[in-house]
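Engineer: If you scroll down you'll find the structure; I have some questions about it.
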Amino acid sequence: MLWTVSNTDPRRVAVVCHPHPLFGGTMHNKVVFQVAKTLHELEIPVLRFNFRGAGLSEGKHDKGRGEAGDVRAALDYLAKEFAAKPILLAGFSFGSYVGLRVGCEDSRVTELVGLGIPVDNSDLSFLAECRKPKLILQSAHDQFGSREHVEALYERLPEPKALVFVDAPDHFFAGKLPEMGHELGQWVIKQDQ
């Protein structure tokens with residue numbers, strides 16, 4: 001678990017979920033780091049953690065089932081450390097698949113950010129019932145979430161919602177992490193207006 005705190009009385013706190021651990025995903029992933037850095041710059045305390053079996057975490061990969069429990073444990077920790085503060089949940093790739101599902105169900109989570117949503121090979125239809133503010137940030141050339149499939153899913157989502165495509169060459173926003181961070185920051189700022 002990696003904890004970044006710059007503000008002891010923040011407006012909100014955040015948890016960030018990482019990509020698929022069986023393909024090298026950890027809390028140190030560049031996209032996850034950029035998300036945490038952007039939120040930290042907005043004085044939002046950020047919690048990054050490794051799913052079971054990733055990095056130095058105990059356990060083994062559980063195809064999203066046990067990892068949902070990992071997200072709940074992270075939310076419990078944040079809720080204890082920052083009682084009554086709203087929680088923003090962000091997830092990248094596999095982290096969006098697992099994290100957004102939990103975030104939609106958990107009343108402590110008030111805002112959702114899905115980055116590189118793997119809509120081509122994952123069922124994200126649960127988002128069609130989620131009425132929380134949500135941002136989908138996607139590479140324009142994501143090999144796991146094509147523009148066509150992302151736009152089709154987005155059309156079915158209830159408001160409030162936002163969709164931003166970053167002109168990056170791949171799933172990992174290569175060469176465009178600052179632009180991705182800027183779009184995230186602008187959306188968070190807009191939520192406070």
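Each chain of the structure tokens is named A, B, ... in the order shown, its residues numbered from 1; ligands are numbered from 1 in display order.
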Contacts of segment 104-107 of chain A at 9 Å or less, counting only C-alpha atoms, minus same-chain residues fewer than 4 places along, as a ChimeraX atom specification?

Structural biologist: /A:72,75,99-100,111-112,126-127,129-132

Engineer: Would you please extract all alpha helix (DSSP H) residues from chain A, as assigned by DSSP on the backbone, and give them as a count of residues only?

Structural biologist: 66

Engineer: Segment 79-146 of chain A: which residues are strand (DSSP E or B) by DSSP, as a list of chain:residue names?

Structural biologist: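 Written out, the strand (DSSP E or B) residues of segment 79-146 of chain A are A:Ile87, A:Leu88, A:Leu89, A:Ala90, A:Gly91, A:Phe92, A:Val109, A:Thr110, A:Glu111, A:Leu112, A:Val113, A:Gly114, A:Leu115, A:Lys134, A:Leu135, A:Ile136, A:Leu137, A:Gln138, A:Ser139.
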
Engineer: Fewer than 2 positions away in the same chain doesn't count, so skip those; otherwise give me all residues within 12 Å of Leu42 of chain A, counting only C-alpha atoms, as a list in words.

Structural biologist: Thr4, Val5, Ser6, Asn7, Pro10, Arg11, Arg12, Val13, Ala14, Val35, Ala36, Lys37, Thr38, Leu39, His40, Ile44, Pro45, Val46, Gly181, His182, Leu184, Gly185, Gln186, Trp187, Val188, Ile189 and Asp192 of chain A

Engineer: Using C-alpha atoms, can you export the residues from the last selection as a JSON list (two decimals), in the first residue's frame?

Structural biologist:
```
[["chain", "number", "residue", "atom", "x", "y", "z"],
["A", 4, "THR", "CA", 0.12, 10.02, -0.42],
["A", 5, "VAL", "CA", -1.22, 12.70, 1.92],
["A", 6, "SER", "CA", -0.78, 16.43, 1.45],
["A", 7, "ASN", "CA", -3.98, 17.71, 3.01],
["A", 10, "PRO", "CA", -9.51, 17.37, 2.12],
["A", 11, "ARG", "CA", -12.76, 17.78, 0.24],
["A", 12, "ARG", "CA", -12.46, 14.17, -0.97],
["A", 13, "VAL", "CA", -10.04, 11.25, -0.88],
["A", 14, "ALA", "CA", -9.18, 8.76, -3.61],
["A", 35, "VAL", "CA", -3.43, 9.46, -11.79],
["A", 36, "ALA", "CA", -2.14, 9.53, -8.20],
["A", 37, "LYS", "CA", 0.21, 12.41, -8.99],
["A", 38, "THR", "CA", -2.58, 14.45, -10.60],
["A", 39, "LEU", "CA", -4.92, 13.91, -7.65],
["A", 40, "HIS", "CA", -2.13, 14.66, -5.16],
["A", 44, "ILE", "CA", -6.51, 14.90, -2.62],
["A", 45, "PRO", "CA", -5.07, 12.13, -0.40],
["A", 46, "VAL", "CA", -4.52, 9.08, -2.61],
["A", 181, "GLY", "CA", -3.42, 13.76, -16.24],
["A", 182, "HIS", "CA", -4.54, 17.20, -17.41],
["A", 184, "LEU", "CA", -8.39, 14.06, -15.25],
["A", 185, "GLY", "CA", -7.51, 17.19, -13.29],
["A", 186, "GLN", "CA", -9.89, 19.35, -15.32],
["A", 187, "TRP", "CA", -12.76, 16.91, -14.70],
["A", 188, "VAL", "CA", -12.10, 16.79, -10.94],
["A", 189, "ILE", "CA", -11.98, 20.59, -10.76],
["A", 192, "ASP", "CA", -16.24, 21.10, -7.45]]
```

Engineer: I'd like the neighbourhood of Ile136 of chain A as a ChimeraX atom specification, where a residue qualifies if any of its atoms comes within 6 Å (using only C-alpha atoms), though same-chain residues fewer than 6 positions away should be ignored.

Structural biologist: /A:113-115,163

Engineer: Could you dump the residues just selected with N, CA and C atoms as a compact mmCIF listing (two decimals), in the first residue's frame?

Structural biologist:
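File result-v4.txt, as written:
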```
# COMPACT_ATOMS: atom_id res chain seq x y z
N VAL A 113 -13.73 7.11 -11.99
CA VAL A 113 -12.91 7.38 -13.16
C VAL A 113 -12.42 6.04 -13.70
N GLY A 114 -12.76 5.76 -14.95
CA GLY A 114 -12.28 4.56 -15.62
C GLY A 114 -11.29 4.96 -16.70
N LEU A 115 -10.10 4.44 -16.61
CA LEU A 115 -9.05 4.74 -17.59
C LEU A 115 -8.72 3.46 -18.34
N LEU A 163 -16.73 11.62 -21.36
CA LEU A 163 -15.85 10.73 -22.12
C LEU A 163 -14.79 11.58 -22.80
```

Engineer: Could you give me, as a ChimeraX atom specification, the residues within 10 Å of Ser146 of chain A, counting only C-alpha atoms and dropping anything in the same chain fewer than 5 positions from it?

Structural biologist: /A:116-120,138-141,151-152,171

Engineer: Please determine, counting only C-alpha atoms, which residue among A:Leu177, A:Lys161, A:Gln191, A:Phe94 has the shortest atom-to-atom distance to Gly145 of chain A.

Structural biologist: A:Phe94

Engineer: Considering only C-alpha atoms, can you say which of A:Pro19, A:Gly53, A:Gly25, A:Gly91 comes closest to Leu137 of chain A?

Structural biologist: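 With only C-alpha atoms as the atom set, the closest residue is A:Gly91.
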
Engineer: In terms of the shortest atom-to-atom distance over only C-alpha atoms, which of A:His28, A:Lys190, A:Arg147, A:Arg65 is closest to Tyr97 of chain A?

Structural biologist: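 Nearest candidate to Tyr97 of chain A out of A:His28, A:Lys190, A:Arg147, A:Arg65: A:Arg65.
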